[in-house]
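In what follows, a single structure is set out as structure tokens and then discussed.
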Amino acid sequence: MATTTQDSSLDATQAALLAKVQPAELHEQPLVTNNRDFNWVTDKICRIVETKTPTWWWICMAVALMTASFTGVGLLWLVSSGVGVWGLANPINWGWAIVNFVFWIGIGHAGTLISAVLCLLKQGWRTSINRAAEAMTIFAVVCAGIFPLFHVGRVWFAWWLFPLPNSNAIWPQFRSPLEWDVFAVSTYGTVSVLFWYMGMIPDLGVLRDRAVQRLKQNAYEGAGALAKGMDHFRKNFYAIFAMGWRNAGNHWRNYEMAYLVLAGLSTPLVLSVHTIVSFDFALAVLPGWHTTIFPPYFVAGAIFSGFGMVLTLMLPLRALYGMHDLITQRHIDNMCKICLGTGSIVGYAYIMEFFIAWYGANPYESFAFINRAFGQYWWAYVMMFSCNVFTPQLFWFKKVRENAALVWIMSIFINVGMWFERFVITVTSLANDFLPSSWGYYSPTMVDILTFFGTFGLFSVLFLLFLRFLPLMPIAEVKFVMPAADPHGHGDHGQGDHH
Amino acid sequence: MSEKYGIIASFPDTPSFYHAAEKVRDAGYKKWDTYSSFPVHGMPAAQGQPRSKVPVFTFCGGITGFCLGLGMVWFMNAFDYPLIIRGQPFFSPVFPFPIMYELTILLSAFGTLGGMFITNLLPQHYSPLFNSDKFLEVSGDRLVIAIESRDGKYDPVATRQFLEGIGGTDIEEVSA
């Protein structure tokens, strides 16, 4: 009773106070601007795959295929000659291959962060960039997988990594973090594909229904037989993968539960993957590698690099497809802020490593870090530090975040910086270890360079195919965060207040 | 006259669609569903549906994955071909934890996707509803409620009037 009185007097005070202060109402910027309706969203996203292939797509595809062939040549060269064609030599037996592996796996992390972690955190803005980021994850894992696979030397024995007995009936050795990595990365790739596919089922249903509608209306005058044939193909292709999805309330109920559960599963998964990747280093007793800061530092770096890549991909797509109402300034702002946050964590980790090296009073550890910054690879350290620590700090400024071209250039810097981070970690610790007599200097060979640059082509080929054949954005999820989807007519749906 | 699948009615906006669903539920219909191109917040409650059973499949997958990881490492490194590594014990539940962890997640994910298909009775590529042009527009912005003829309360005339009464438009019978 006393509480009730207290509550009501509190309410009265609050009301009086609010009347006096007259607080300004803060309007959150909508996630889909210009009051677009459901049909506009459906049309906008579906027409990317339904209309004629644009010329720029063919040009990009040709360039991407040509670049991807570099990887083909590099790998062919490697397999026919042996790992000696890479720049690996004692004491540096892990070079570009592991650097590239960690680089690509890290990029994948942003996709899972957007699809899983931001889903659990009810961040409505993730919807429009979700699908493309997940696609990026899967293609990045494909590129990453190439390097350890071929690094085993005799690639035809790569199946020894899997839990199968080899020709002497010996099984894999599960105490090794490298074996954990096999499980982590293959689970990550598989679960990402499952999550991506499940999220796509309703949209594949939309593409199927639209093809059926056009076939029923038979509106192909002037468009020719090819257009009709393509719709027959679409009808069947999308129908197979849509699995008979009917948009039923009952479907959505189970689908939303499954989506939530997959998000809940992917969150610990994404954290574990880069943690285990960092174990590849941290479990070795080598100065510069053997540190407990590695797991969180690697995960933050992965998200940082991944968001860099999301910006690199989404900003041109937004311009090419005129997606400004779906990928708004608010989306770009948020992505920049995540880059700023994770970039600052990475910067903190760089500095903390130095502090611990000094505080730990281990001469080998201190040497490793002083050597990292001022030794023979100082140029790589400068690249890493300036790109990863200084670049994102510019995102504090609204003017910078609002300049799409500048954001795009900075996202490239982030990609470059994060590649150098892995180079610095891998190579500096190996090149100058305990015995100065065994020190060496590592340089990549042409085969290393061809193989790595080719993976950008491979990634682009896969991404361009995705653009052409699959819905670029999750249509249903974008609609869900629009005001018109709110059953109570408040129009504030998906802005973080629903349960 | 051919067999009928049921009656479909469209609704102009999400709030009216949502409240109509509540009314269909309260009228006591059992074999009916709502159709919209996006999940409507709170619709399961408005339709009187229970909580989804998908997590049961997730749990079964997870337990299987965990046990599989544990058993696999024991069988491979301690039983079938014991490996002497750094003088450590052949088996401990600690070192294979990453394997168990990853397999738990992997099989949980398969359980979840499989559970979604099972609970939704998919794949089911044919449905009489696809014969309706209006139903195909659900993929755009149409919001539809369909009451099936196999519902005990179904009556071609009374059900149509009921749907009209709760604000339904473009009402049509769909052939089976």
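By order of appearance in the structure tokens: chains A, B, ..., then residues from 1 within every chain, and ligands from 1 in the order shown.
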
Interface, chain A side, toward chain B (6 Å; only C-alpha atoms) as a PyMOL selection string: chain A and resi 38-39+171+175+184+187+206+209+243-244+247-249+251-252+254+258+476+480+485+487-488

Selection near stretch 346-355 of chain A, 8 Å with only C-alpha atoms, sequence-local residues under 5 positions removed, as JSON, numbers by chain: {"A": [293, 297, 300, 301, 366, 369, 385, 388, 389]}

All strand (DSSP E) positions in stretch 39-155 of chain B, as JSON, numbers by chain: {"B": [143, 144, 145, 146, 147, 148]}

Mind writing the picked residues with C-alpha atoms as a PDB file, in the first residue's frame?
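What landed in result.pdb:
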```pdb
ATOM      1  CA  LEU B 143      -1.972 -10.317 -45.874  1.00  0.00           C
ATOM      2  CA  VAL B 144      -4.165 -13.398 -45.998  1.00  0.00           C
ATOM      3  CA  ILE B 145      -6.092 -15.604 -43.602  1.00  0.00           C
ATOM      4  CA  ALA B 146      -7.118 -19.031 -44.908  1.00  0.00           C
ATOM      5  CA  ILE B 147      -9.673 -21.281 -43.202  1.00  0.00           C
ATOM      6  CA  GLU B 148      -9.574 -24.865 -44.428  1.00  0.00           C
TER       7      GLU B 148
END
```

Residues flagged alpha helix (DSSP H) by DSSP in chain B, as a PyMOL selection string: chain B and resi 14-27+43-46+54-74+97-119+133-136+156-165

Take the residues just selected and output them with C-alpha atoms as a PDB file, in the first residue's frame.
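Saved as result.pdb:
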```pdb
ATOM      1  CA  THR B  14      -0.941  -5.361 -40.268  1.00  0.00           C
ATOM      2  CA  PRO B  15      -3.043  -4.226 -37.262  1.00  0.00           C
ATOM      3  CA  SER B  16      -6.334  -5.316 -38.862  1.00  0.00           C
ATOM      4  CA  PHE B  17      -4.701  -8.571 -39.972  1.00  0.00           C
ATOM      5  CA  TYR B  18      -3.452  -9.201 -36.452  1.00  0.00           C
ATOM      6  CA  HIS B  19      -6.795  -8.468 -34.790  1.00  0.00           C
ATOM      7  CA  ALA B  20      -8.656 -10.555 -37.379  1.00  0.00           C
ATOM      8  CA  ALA B  21      -6.418 -13.491 -36.450  1.00  0.00           C
ATOM      9  CA  GLU B  22      -7.416 -13.034 -32.807  1.00  0.00           C
ATOM     10  CA  LYS B  23     -11.060 -13.134 -33.822  1.00  0.00           C
ATOM     11  CA  VAL B  24     -10.635 -16.316 -35.877  1.00  0.00           C
ATOM     12  CA  ARG B  25      -8.923 -17.903 -32.893  1.00  0.00           C
ATOM     13  CA  ASP B  26     -11.727 -16.798 -30.557  1.00  0.00           C
ATOM     14  CA  ALA B  27     -14.379 -18.086 -32.961  1.00  0.00           C
ATOM     15  CA  MET B  43       1.173 -13.520 -34.200  1.00  0.00           C
ATOM     16  CA  PRO B  44       1.657 -16.960 -32.569  1.00  0.00           C
ATOM     17  CA  ALA B  45      -0.254 -15.692 -29.521  1.00  0.00           C
ATOM     18  CA  ALA B  46      -2.915 -14.091 -31.711  1.00  0.00           C
ATOM     19  CA  VAL B  54      12.306 -26.551 -32.587  1.00  0.00           C
ATOM     20  CA  PRO B  55      14.547 -26.298 -29.476  1.00  0.00           C
ATOM     21  CA  VAL B  56      13.808 -29.957 -28.683  1.00  0.00           C
ATOM     22  CA  PHE B  57      15.557 -30.928 -31.922  1.00  0.00           C
ATOM     23  CA  THR B  58      18.394 -28.532 -31.135  1.00  0.00           C
ATOM     24  CA  PHE B  59      18.857 -30.167 -27.751  1.00  0.00           C
ATOM     25  CA  CYS B  60      18.904 -33.687 -29.204  1.00  0.00           C
ATOM     26  CA  GLY B  61      21.457 -32.605 -31.810  1.00  0.00           C
ATOM     27  CA  GLY B  62      23.608 -30.906 -29.186  1.00  0.00           C
ATOM     28  CA  ILE B  63      23.677 -33.880 -26.826  1.00  0.00           C
ATOM     29  CA  THR B  64      24.528 -36.189 -29.721  1.00  0.00           C
ATOM     30  CA  GLY B  65      27.353 -33.889 -30.823  1.00  0.00           C
ATOM     31  CA  PHE B  66      28.804 -33.592 -27.346  1.00  0.00           C
ATOM     32  CA  CYS B  67      28.790 -37.360 -26.757  1.00  0.00           C
ATOM     33  CA  LEU B  68      30.099 -38.013 -30.260  1.00  0.00           C
ATOM     34  CA  GLY B  69      33.049 -35.669 -29.679  1.00  0.00           C
ATOM     35  CA  LEU B  70      33.862 -37.183 -26.318  1.00  0.00           C
ATOM     36  CA  GLY B  71      33.501 -40.773 -27.509  1.00  0.00           C
ATOM     37  CA  MET B  72      35.374 -40.172 -30.736  1.00  0.00           C
ATOM     38  CA  VAL B  73      38.478 -38.743 -29.089  1.00  0.00           C
ATOM     39  CA  TRP B  74      38.492 -41.504 -26.458  1.00  0.00           C
ATOM     40  CA  PHE B  97      36.986 -29.923 -25.200  1.00  0.00           C
ATOM     41  CA  PRO B  98      37.248 -27.819 -28.370  1.00  0.00           C
ATOM     42  CA  ILE B  99      36.259 -30.899 -30.389  1.00  0.00           C
ATOM     43  CA  MET B 100      33.248 -31.557 -28.167  1.00  0.00           C
ATOM     44  CA  TYR B 101      32.321 -27.888 -28.215  1.00  0.00           C
ATOM     45  CA  GLU B 102      32.428 -27.613 -32.003  1.00  0.00           C
ATOM     46  CA  LEU B 103      30.557 -30.877 -32.574  1.00  0.00           C
ATOM     47  CA  THR B 104      27.884 -29.823 -30.074  1.00  0.00           C
ATOM     48  CA  ILE B 105      27.315 -26.646 -32.059  1.00  0.00           C
ATOM     49  CA  LEU B 106      27.516 -28.416 -35.419  1.00  0.00           C
ATOM     50  CA  LEU B 107      24.918 -31.055 -34.626  1.00  0.00           C
ATOM     51  CA  SER B 108      22.730 -28.552 -32.752  1.00  0.00           C
ATOM     52  CA  ALA B 109      22.655 -26.452 -35.908  1.00  0.00           C
ATOM     53  CA  PHE B 110      21.698 -29.447 -38.035  1.00  0.00           C
ATOM     54  CA  GLY B 111      19.079 -30.343 -35.416  1.00  0.00           C
ATOM     55  CA  THR B 112      17.687 -26.808 -35.548  1.00  0.00           C
ATOM     56  CA  LEU B 113      17.411 -26.654 -39.328  1.00  0.00           C
ATOM     57  CA  GLY B 114      16.039 -30.196 -39.472  1.00  0.00           C
ATOM     58  CA  GLY B 115      13.653 -29.354 -36.632  1.00  0.00           C
ATOM     59  CA  MET B 116      12.399 -26.311 -38.519  1.00  0.00           C
ATOM     60  CA  PHE B 117      11.662 -28.503 -41.549  1.00  0.00           C
ATOM     61  CA  ILE B 118      10.002 -31.221 -39.486  1.00  0.00           C
ATOM     62  CA  THR B 119       7.819 -28.905 -37.406  1.00  0.00           C
ATOM     63  CA  ASP B 133      -3.449 -15.695 -57.851  1.00  0.00           C
ATOM     64  CA  LYS B 134      -4.306 -13.663 -54.799  1.00  0.00           C
ATOM     65  CA  PHE B 135      -2.361 -16.032 -52.586  1.00  0.00           C
ATOM     66  CA  LEU B 136       0.756 -15.578 -54.733  1.00  0.00           C
ATOM     67  CA  PRO B 156     -18.983 -22.286 -47.098  1.00  0.00           C
ATOM     68  CA  VAL B 157     -21.538 -19.584 -46.404  1.00  0.00           C
ATOM     69  CA  ALA B 158     -21.140 -18.955 -42.668  1.00  0.00           C
ATOM     70  CA  THR B 159     -17.326 -18.913 -42.804  1.00  0.00           C
ATOM     71  CA  ARG B 160     -17.381 -16.461 -45.709  1.00  0.00           C
ATOM     72  CA  GLN B 161     -19.747 -14.197 -43.782  1.00  0.00           C
ATOM     73  CA  PHE B 162     -17.576 -14.504 -40.704  1.00  0.00           C
ATOM     74  CA  LEU B 163     -14.458 -13.458 -42.652  1.00  0.00           C
ATOM     75  CA  GLU B 164     -16.366 -10.530 -44.143  1.00  0.00           C
ATOM     76  CA  GLY B 165     -17.512  -9.588 -40.661  1.00  0.00           C
TER      77      GLY B 165
END
```

12 Å contact set for A:Trp159, only C-alpha atoms, chain neighbours under 4 positions out, as a ChimeraX atom specification: /A:149-150,152,154-155,163-167,171-172,179,182

A:Leu118 environment, 12 Å, only C-alpha atoms, sequence neighbours closer than 2 positions dropped, as a ChimeraX atom specification: /A:110-116,120-127,129-130,260,263-264,266-267,334-335,338,496

Within 7 Å of stretch 167-173 of chain B using only C-alpha atoms, minus same-chain residues under 4 positions, as a ChimeraX atom specification: /B:4,6-11,163

Polymer residues at most 7 Å from stretch 375-381 of chain A, only C-alpha atoms, same-chain spacing of 4 or more positions, as a list in words: Asn371, Phe385, Phe420, Val424 and Thr428 of chain A
